[in-house]
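To be precise, the following lines are start.pdb, and they hold PDB, C-alpha atoms and all ligand atoms.
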ATOM      1  CA  MET P  31      29.361 -16.941 -48.949
ATOM      2  CA  ALA P  32      27.710 -14.751 -46.300
ATOM      3  CA  VAL P  33      29.442 -12.070 -44.295
ATOM      4  CA  GLY P  34      28.027 -11.252 -40.877
ATOM      5  CA  VAL P  35      27.895  -7.884 -39.174
ATOM      6  CA  LEU P  36      27.529  -7.953 -35.405
ATOM      7  CA  ALA P  37      24.340  -5.937 -34.999
ATOM      8  CA  LEU P  38      23.830  -5.546 -31.252
ATOM      9  CA  GLN P  39      24.864  -1.895 -31.125
ATOM     10  CA  GLY P  40      26.772   0.720 -33.088
ATOM     11  CA  ASP P  41      27.101   1.545 -36.789
ATOM     12  CA  PHE P  42      26.359  -1.913 -38.157
ATOM     13  CA  ARG P  43      24.070  -0.523 -40.897
ATOM     14  CA  GLU P  44      26.943   1.404 -42.495
ATOM     15  CA  HIS P  45      29.087  -1.751 -42.586
ATOM     16  CA  ALA P  46      26.213  -3.781 -44.022
ATOM     17  CA  ALA P  47      25.715  -1.169 -46.758
ATOM     18  CA  MET P  48      29.439  -1.115 -47.570
ATOM     19  CA  LEU P  49      29.636  -4.919 -47.794
ATOM     20  CA  SER P  50      26.478  -5.097 -49.939
ATOM     21  CA  SER P  51      27.896  -2.463 -52.294
ATOM     22  CA  LEU P  52      30.927  -4.722 -52.742
ATOM     23  CA  GLY P  53      28.657  -7.608 -53.751
ATOM     24  CA  SER P  54      28.589  -9.585 -50.484
ATOM     25  CA  GLU P  55      25.619 -11.344 -49.065
ATOM     26  CA  VAL P  56      25.242  -9.763 -45.627
ATOM     27  CA  LEU P  57      23.692 -11.257 -42.503
ATOM     28  CA  LEU P  58      23.068  -9.199 -39.366
ATOM     29  CA  VAL P  59      24.297 -11.267 -36.420
ATOM     30  CA  ARG P  60      22.490 -11.058 -33.081
ATOM     31  CA  ARG P  61      22.303 -14.722 -32.070
ATOM     32  CA  PRO P  62      24.741 -17.666 -31.969
ATOM     33  CA  GLU P  63      22.740 -19.458 -34.707
ATOM     34  CA  GLU P  64      23.437 -16.522 -37.024
ATOM     35  CA  LEU P  65      27.120 -16.433 -36.170
ATOM     36  CA  ALA P  66      27.279 -20.163 -36.921
ATOM     37  CA  VAL P  67      26.535 -19.679 -40.630
ATOM     38  CA  VAL P  68      28.738 -16.728 -41.619
ATOM     39  CA  ASP P  69      32.095 -16.950 -43.416
ATOM     40  CA  GLY P  70      33.411 -13.725 -41.915
ATOM     41  CA  LEU P  71      32.282 -11.081 -39.427
ATOM     42  CA  VAL P  72      32.535  -7.322 -39.038
ATOM     43  CA  ILE P  73      32.370  -5.861 -35.541
ATOM     44  CA  PRO P  74      31.264  -2.233 -35.943
ATOM     45  CA  GLY P  75      32.101   0.962 -34.142
ATOM     46  CA  GLY P  76      29.951   1.969 -31.213
ATOM     47  CA  GLU P  77      30.651   1.647 -27.530
ATOM     48  CA  SER P  78      32.826  -1.311 -26.590
ATOM     49  CA  SER P  79      31.675  -1.537 -22.955
ATOM     50  CA  VAL P  80      28.033  -1.808 -24.105
ATOM     51  CA  MET P  81      28.950  -4.248 -26.870
ATOM     52  CA  ASP P  82      30.816  -6.349 -24.319
ATOM     53  CA  LYS P  83      27.758  -6.459 -22.022
ATOM     54  CA  LEU P  84      25.375  -7.253 -24.882
ATOM     55  CA  THR P  85      27.525 -10.047 -26.339
ATOM     56  CA  ARG P  86      27.560 -11.688 -22.922
ATOM     57  CA  LEU P  87      23.822 -11.108 -22.381
ATOM     58  CA  PHE P  88      22.934 -12.576 -25.782
ATOM     59  CA  GLY P  89      25.161 -15.624 -25.267
ATOM     60  CA  LEU P  90      27.459 -14.532 -28.080
ATOM     61  CA  ALA P  91      30.702 -13.863 -26.216
ATOM     62  CA  GLU P  92      31.869 -17.482 -25.996
ATOM     63  CA  PRO P  93      30.775 -18.436 -29.543
ATOM     64  CA  LEU P  94      32.581 -15.313 -30.802
ATOM     65  CA  ARG P  95      35.766 -16.241 -28.926
ATOM     66  CA  ALA P  96      35.567 -19.767 -30.283
ATOM     67  CA  ALA P  97      35.042 -18.511 -33.853
ATOM     68  CA  VAL P  98      37.992 -16.107 -33.614
ATOM     69  CA  GLY P  99      40.112 -18.917 -32.200
ATOM     70  CA  ALA P 100      39.065 -21.217 -35.047
ATOM     71  CA  GLY P 101      40.189 -18.666 -37.643
ATOM     72  CA  LEU P 102      36.976 -16.891 -38.655
ATOM     73  CA  PRO P 103      38.004 -13.733 -40.536
ATOM     74  CA  VAL P 104      36.917 -10.733 -38.458
ATOM     75  CA  TYR P 105      37.281  -7.013 -39.126
ATOM     76  CA  GLY P 106      36.729  -4.651 -36.192
ATOM     77  CA  THR P 107      36.445  -0.865 -36.454
ATOM     78  CA  CYS P 108      36.950   1.355 -33.427
ATOM     79  CA  ALA P 109      34.843  -0.331 -30.696
ATOM     80  CA  GLY P 110      35.231  -3.491 -32.817
ATOM     81  CA  LEU P 111      39.010  -3.128 -32.645
ATOM     82  CA  ILE P 112      38.712  -2.845 -28.859
ATOM     83  CA  MET P 113      36.623  -6.040 -28.800
ATOM     84  CA  LEU P 114      39.368  -7.879 -30.724
ATOM     85  CA  ALA P 115      42.262  -6.667 -28.553
ATOM     86  CA  ASP P 116      43.858  -9.083 -26.111
ATOM     87  CA  THR P 117      44.342  -6.215 -23.633
ATOM     88  CA  VAL P 118      42.102  -3.171 -23.095
ATOM     89  CA  LEU P 119      43.464  -0.172 -21.213
ATOM     90  CA  ASP P 120      41.052   2.362 -19.680
ATOM     91  CA  GLY P 121      38.117  -0.031 -19.985
ATOM     92  CA  ILE P 122      35.178   0.516 -17.664
ATOM     93  CA  SER P 123      35.225  -1.628 -14.526
ATOM     94  CA  GLY P 124      34.912  -5.312 -15.444
ATOM     95  CA  GLN P 125      35.039  -4.673 -19.191
ATOM     96  CA  GLN P 126      36.097  -7.733 -21.164
ATOM     97  CA  SER P 127      37.168  -8.141 -24.751
ATOM     98  CA  LEU P 128      36.966 -11.154 -27.024
ATOM     99  CA  GLY P 129      40.659 -10.996 -27.794
ATOM    100  CA  GLY P 130      42.487 -12.454 -30.772
ATOM    101  CA  LEU P 131      44.761  -9.550 -31.685
ATOM    102  CA  ASP P 132      48.083  -9.565 -29.852
ATOM    103  CA  ILE P 133      47.820  -5.870 -28.989
ATOM    104  CA  SER P 134      46.875  -3.566 -26.168
ATOM    105  CA  VAL P 135      44.493  -0.730 -27.014
ATOM    106  CA  ARG P 136      43.716   2.358 -25.001
ATOM    107  CA  ARG P 137      40.109   3.527 -25.210
ATOM    108  CA  ASN P 138      39.321   7.170 -26.009
ATOM    109  CA  ALA P 139      43.032   7.790 -26.442
ATOM    110  CA  PHE P 140      42.595  10.930 -28.531
ATOM    111  CA  GLY P 141      40.281  12.650 -26.041
ATOM    112  CA  SER P 142      36.521  13.101 -25.820
ATOM    113  CA  GLN P 143      33.906  13.553 -28.559
ATOM    114  CA  THR P 144      35.203  17.035 -29.411
ATOM    115  CA  ALA P 145      38.622  15.541 -30.044
ATOM    116  CA  SER P 146      37.287  13.542 -32.970
ATOM    117  CA  PHE P 147      39.252  14.327 -36.096
ATOM    118  CA  GLU P 148      40.009  13.373 -39.683
ATOM    119  CA  THR P 149      43.357  12.769 -41.321
ATOM    120  CA  ASP P 150      44.968  11.014 -44.279
ATOM    121  CA  LEU P 151      46.910   7.831 -43.612
ATOM    122  CA  ASP P 152      49.353   5.844 -45.678
ATOM    123  CA  VAL P 153      48.332   2.198 -45.617
ATOM    124  CA  PRO P 154      50.959   0.363 -47.702
ATOM    125  CA  VAL P 155      49.131  -2.973 -47.602
ATOM    126  CA  LEU P 156      46.154  -1.438 -49.464
ATOM    127  CA  GLY P 157      48.224   0.306 -52.137
ATOM    128  CA  GLY P 158      46.894   3.383 -53.915
ATOM    129  CA  PRO P 159      46.286   6.843 -52.488
ATOM    130  CA  PRO P 160      46.196   7.604 -48.747
ATOM    131  CA  VAL P 161      43.131   6.581 -46.733
ATOM    132  CA  HIS P 162      40.983   9.458 -45.485
ATOM    133  CA  ALA P 163      40.358   8.334 -41.907
ATOM    134  CA  VAL P 164      37.691   9.563 -39.486
ATOM    135  CA  PHE P 165      38.415   9.073 -35.781
ATOM    136  CA  ILE P 166      35.505   9.294 -33.310
ATOM    137  CA  ARG P 167      36.407   8.880 -29.627
ATOM    138  CA  ALA P 168      38.911   6.480 -31.063
ATOM    139  CA  PRO P 169      41.220   4.004 -29.391
ATOM    140  CA  VAL P 170      44.927   3.814 -30.137
ATOM    141  CA  VAL P 171      46.962   0.628 -30.365
ATOM    142  CA  GLU P 172      49.424   1.247 -27.600
ATOM    143  CA  SER P 173      51.523  -1.866 -28.101
ATOM    144  CA  VAL P 174      51.744  -4.398 -30.900
ATOM    145  CA  GLY P 175      52.902  -7.852 -29.814
ATOM    146  CA  PRO P 176      55.036 -10.167 -31.943
ATOM    147  CA  ASN P 177      52.031 -11.934 -33.507
ATOM    148  CA  ALA P 178      50.361  -8.778 -34.842
ATOM    149  CA  THR P 179      51.460  -6.331 -37.555
ATOM    150  CA  ALA P 180      50.879  -2.580 -37.647
ATOM    151  CA  LEU P 181      49.223  -1.437 -40.898
ATOM    152  CA  ALA P 182      49.058   2.315 -40.325
ATOM    153  CA  THR P 183      50.168   5.026 -37.928
ATOM    154  CA  VAL P 184      49.084   8.628 -37.405
ATOM    155  CA  ALA P 185      51.570  11.485 -37.787
ATOM    156  CA  ASP P 186      52.870  11.189 -34.213
ATOM    157  CA  GLY P 187      53.722   7.519 -34.821
ATOM    158  CA  ARG P 188      50.872   5.954 -32.846
ATOM    159  CA  CYS P 189      49.453   2.792 -34.396
ATOM    160  CA  VAL P 190      45.818   2.877 -35.577
ATOM    161  CA  ALA P 191      45.452  -0.219 -37.784
ATOM    162  CA  VAL P 192      46.644  -3.794 -37.327
ATOM    163  CA  GLU P 193      46.267  -7.279 -38.689
ATOM    164  CA  GLN P 194      47.013 -10.747 -37.443
ATOM    165  CA  GLY P 195      46.172 -13.748 -39.596
ATOM    166  CA  ASN P 196      42.492 -13.442 -40.466
ATOM    167  CA  LEU P 197      41.876 -10.517 -38.088
ATOM    168  CA  ILE P 198      41.979  -6.828 -39.005
ATOM    169  CA  GLY P 199      41.336  -3.869 -36.735
ATOM    170  CA  THR P 200      41.225  -0.124 -37.368
ATOM    171  CA  SER P 201      40.787   2.715 -34.858
ATOM    172  CA  PHE P 202      38.889   4.673 -37.518
ATOM    173  CA  HIS P 203      35.740   4.188 -39.618
ATOM    174  CA  PRO P 204      36.168   3.456 -43.357
ATOM    175  CA  GLU P 205      32.488   2.483 -43.468
ATOM    176  CA  ILE P 206      31.359   6.094 -43.043
ATOM    177  CA  THR P 207      33.639   7.743 -45.626
ATOM    178  CA  GLY P 208      33.024   5.474 -48.607
ATOM    179  CA  GLU P 209      36.570   4.101 -48.293
ATOM    180  CA  HIS P 210      36.084   0.512 -49.452
ATOM    181  CA  ARG P 211      39.652  -0.813 -49.610
ATOM    182  CA  PHE P 212      39.710  -2.151 -46.041
ATOM    183  CA  HIS P 213      36.457  -4.038 -46.630
ATOM    184  CA  GLU P 214      37.835  -5.400 -49.908
ATOM    185  CA  TYR P 215      41.013  -6.466 -48.153
ATOM    186  CA  PHE P 216      38.864  -8.167 -45.513
ATOM    187  CA  LEU P 217      36.711  -9.881 -48.166
ATOM    188  CA  GLN P 218      39.879 -11.321 -49.748
ATOM    189  CA  LYS P 219      40.640 -12.921 -46.390
ATOM    190  CA  VAL P 220      37.062 -14.219 -46.162
ATOM    191  CA  ARG P 221      37.314 -15.785 -49.630
ATOM    192  CA  SER P 222      40.704 -17.386 -49.085
ATOM    193  CA  ALA P 223      39.809 -18.660 -45.590
ATOM    194  CA  GLY P 224      36.743 -20.514 -46.942
ATOM    195  CA  PHE P 225      35.723 -20.856 -43.303
ATOM    196  CA  ARG P 226      32.517 -22.871 -43.826
ATOM    197  CA  SER P 227      33.707 -24.969 -46.753
TER
HETATM  198  N1  LIG G   1      35.034   5.125 -27.443
HETATM  199  C1  LIG G   1      34.324   3.968 -27.907
HETATM  200  C2  LIG G   1      34.627   2.751 -27.052
HETATM  201  O1  LIG G   1      35.328   2.806 -26.134
HETATM  202  C3  LIG G   1      34.660   3.649 -29.354
HETATM  203  C4  LIG G   1      34.161   4.737 -30.268
HETATM  204  C5  LIG G   1      33.772   4.271 -31.628
HETATM  205  O2  LIG G   1      33.557   3.074 -31.882
HETATM  206  N2  LIG G   1      33.597   5.212 -32.511
HETATM  207  O3  LIG G   1      34.119   1.705 -27.342
END
Target format structure tokens, applied to this file:
Amino acid sequence: MAVGVLALQGDFREHAAMLSSLGSEVLLVRRPEELAVVDGLVIPGGESSVMDKLTRLFGLAEPLRAAVGAGLPVYGTCAGLIMLADTVLDGISGQQSLGGLDISVRRNAFGSQTASFETDLDVPVLGGPPVHAVFIRAPVVESVGPNATALATVADGRCVAVEQGNLIGTSFHPEITGEHRFHEYFLQKVRSAGFRS
């Protein structure tokens, strides 16, 4: 079983290190042939408008949409969450997402770089103590459609983590704080989906 990390841009190394530490075989994905052999995929944080352009340039956008549609487990953090959203608000002109999550996200919803912040979140689906979450120019899930489920909200009630079938998205970055429960939760989905078997 190999888990891919989309490695066109952003903090893919941190995700690869987290997945390796949990015992996964990790493949950095930059080409459709690499996507074709993974059992799950992480889309990292970074800059969603750049990631959007690069996925199209590298011929990955359509294969990614097809894989999401076919049920490939995918976990997106921050820019990765934006890539998985059906609707992106405040995108740059012409920005597209892959879609898959029945949500609308607003980019940079907490303000600019200086508005980055850390907080503790209750995430009932993970069990255990609160998640220490780091938000960096983070998006917020502005609406959650009937097919998606909110997993966590910040103190003012805004949604920052969702799941839908084999897809998970978080506005924040567990990969940079050593918080491994989201990746474990994702790996459970990868194992039970058995996408390539
Ligand atoms: N603001 C970035 C975007 O719009 C996301 C930031 C991040 O991934 N840390 O894509």
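Note that CA of Gly40 (chain P) and CA of Val68 (chain P) are 19.5 Å apart.
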Note to self: Please find the residues contacting ligand LIG 1 (chain G) at a distance of at most 10 Å between atoms, with only C-alpha atoms and all ligand atoms counted, and report them as a ChimeraX atom specification.
What the structure shows: /P:40-41,73-82,106-113,118-122,135-143,146,164-169,200-203
Those same residues - C-alpha atoms - I'd like them written as an mmCIF file, keeping the file's coordinate frame.
data_model
loop_
_atom_site.group_PDB
_atom_site.id
_atom_site.type_symbol
_atom_site.label_atom_id
_atom_site.label_comp_id
_atom_site.auth_asym_id
_atom_site.auth_seq_id
_atom_site.Cartn_x
_atom_site.Cartn_y
_atom_site.Cartn_z
ATOM 1 C CA GLY P 40 26.772 0.720 -33.088
ATOM 2 C CA ASP P 41 27.101 1.545 -36.789
ATOM 3 C CA ILE P 73 32.370 -5.861 -35.541
ATOM 4 C CA PRO P 74 31.264 -2.233 -35.943
ATOM 5 C CA GLY P 75 32.101 0.962 -34.142
ATOM 6 C CA GLY P 76 29.951 1.969 -31.213
ATOM 7 C CA GLU P 77 30.651 1.647 -27.530
ATOM 8 C CA SER P 78 32.826 -1.311 -26.590
ATOM 9 C CA SER P 79 31.675 -1.537 -22.955
ATOM 10 C CA VAL P 80 28.033 -1.808 -24.105
ATOM 11 C CA MET P 81 28.950 -4.248 -26.870
ATOM 12 C CA ASP P 82 30.816 -6.349 -24.319
ATOM 13 C CA GLY P 106 36.729 -4.651 -36.192
ATOM 14 C CA THR P 107 36.445 -0.865 -36.454
ATOM 15 C CA CYS P 108 36.950 1.355 -33.427
ATOM 16 C CA ALA P 109 34.843 -0.331 -30.696
ATOM 17 C CA GLY P 110 35.231 -3.491 -32.817
ATOM 18 C CA LEU P 111 39.010 -3.128 -32.645
ATOM 19 C CA ILE P 112 38.712 -2.845 -28.859
ATOM 20 C CA MET P 113 36.623 -6.040 -28.800
ATOM 21 C CA VAL P 118 42.102 -3.171 -23.095
ATOM 22 C CA LEU P 119 43.464 -0.172 -21.213
ATOM 23 C CA ASP P 120 41.052 2.362 -19.680
ATOM 24 C CA GLY P 121 38.117 -0.031 -19.985
ATOM 25 C CA ILE P 122 35.178 0.516 -17.664
ATOM 26 C CA VAL P 135 44.493 -0.730 -27.014
ATOM 27 C CA ARG P 136 43.716 2.358 -25.001
ATOM 28 C CA ARG P 137 40.109 3.527 -25.210
ATOM 29 C CA ASN P 138 39.321 7.170 -26.009
ATOM 30 C CA ALA P 139 43.032 7.790 -26.442
ATOM 31 C CA PHE P 140 42.595 10.930 -28.531
ATOM 32 C CA GLY P 141 40.281 12.650 -26.041
ATOM 33 C CA SER P 142 36.521 13.101 -25.820
ATOM 34 C CA GLN P 143 33.906 13.553 -28.559
ATOM 35 C CA SER P 146 37.287 13.542 -32.970
ATOM 36 C CA VAL P 164 37.691 9.563 -39.486
ATOM 37 C CA PHE P 165 38.415 9.073 -35.781
ATOM 38 C CA ILE P 166 35.505 9.294 -33.310
ATOM 39 C CA ARG P 167 36.407 8.880 -29.627
ATOM 40 C CA ALA P 168 38.911 6.480 -31.063
ATOM 41 C CA PRO P 169 41.220 4.004 -29.391
ATOM 42 C CA THR P 200 41.225 -0.124 -37.368
ATOM 43 C CA SER P 201 40.787 2.715 -34.858
ATOM 44 C CA PHE P 202 38.889 4.673 -37.518
ATOM 45 C CA HIS P 203 35.740 4.188 -39.618
#
Next item on the list: Rounded to one decimal place, report the CA of Val35 (chain P)-CA of Leu57 (chain P) distance in Å.
Entry: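 CA of Val35 (chain P) sits 6.3 Å away from CA of Leu57 (chain P).
With distances taken over all atoms listed in the file, P:Ser173 is the one residue among P:Val59, P:Ser173, P:Arg43, P:Tyr105 lying closest to Thr117 (chain P).
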Note to self: When you look at Pro204 (chain P) with a cut-off of 10 Å (counting only C-alpha atoms), what residues show up, excluding the ones that are within fewer than 3 positions of it in the same chain? I need them as a list in words.
What the structure shows: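 Answer for this query is Glu44, His45, Met48, Thr107, Val161, His162, Ala163, Val164, Phe165, Thr200, Ser201, Thr207, Gly208, Glu209, His210, Arg211, Phe212 and His213 of chain P.
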Next item on the list: Find the distance between CA of Ser222 (chain P) and CA of Glu63 (chain P) and write it in Å to one decimal.
Entry: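 Spanning CA of Ser222 (chain P) to CA of Glu63 (chain P) is a straight-line distance of 23.1 Å.
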Notebook entry, point to check: Restricting the calculation to all atoms listed in the file, which member of P:Glu214, P:Glu205, P:Asp150, P:Asp116 is positioned closest to Ala178 (chain P)?
Noted result: P:Asp116
Margin query: Residues near Tyr215 (chain P), anyone? I mean within 12 Å using all atoms listed in the file, not counting same-chain ones fewer than 2 positions away, as an MDAnalysis selection string.
Written below: chainID P and resid 49 52 103:105 153 155:157 193 196:199 209:213 217:222
Can you spit out the residues from that selection as a short mmCIF file (atom, residue, chain, number, x, y, z; two decimals), keeping the file's coordinate frame, using C-alpha atoms?
data_model
loop_
_atom_site.label_atom_id
_atom_site.label_comp_id
_atom_site.auth_asym_id
_atom_site.auth_seq_id
_atom_site.Cartn_x
_atom_site.Cartn_y
_atom_site.Cartn_z
CA LEU P 49 29.64 -4.92 -47.79
CA LEU P 52 30.93 -4.72 -52.74
CA PRO P 103 38.00 -13.73 -40.54
CA VAL P 104 36.92 -10.73 -38.46
CA TYR P 105 37.28 -7.01 -39.13
CA VAL P 153 48.33 2.20 -45.62
CA VAL P 155 49.13 -2.97 -47.60
CA LEU P 156 46.15 -1.44 -49.46
CA GLY P 157 48.22 0.31 -52.14
CA GLU P 193 46.27 -7.28 -38.69
CA ASN P 196 42.49 -13.44 -40.47
CA LEU P 197 41.88 -10.52 -38.09
CA ILE P 198 41.98 -6.83 -39.01
CA GLY P 199 41.34 -3.87 -36.74
CA GLU P 209 36.57 4.10 -48.29
CA HIS P 210 36.08 0.51 -49.45
CA ARG P 211 39.65 -0.81 -49.61
CA PHE P 212 39.71 -2.15 -46.04
CA HIS P 213 36.46 -4.04 -46.63
CA LEU P 217 36.71 -9.88 -48.17
CA GLN P 218 39.88 -11.32 -49.75
CA LYS P 219 40.64 -12.92 -46.39
CA VAL P 220 37.06 -14.22 -46.16
CA ARG P 221 37.31 -15.78 -49.63
CA SER P 222 40.70 -17.39 -49.08
#
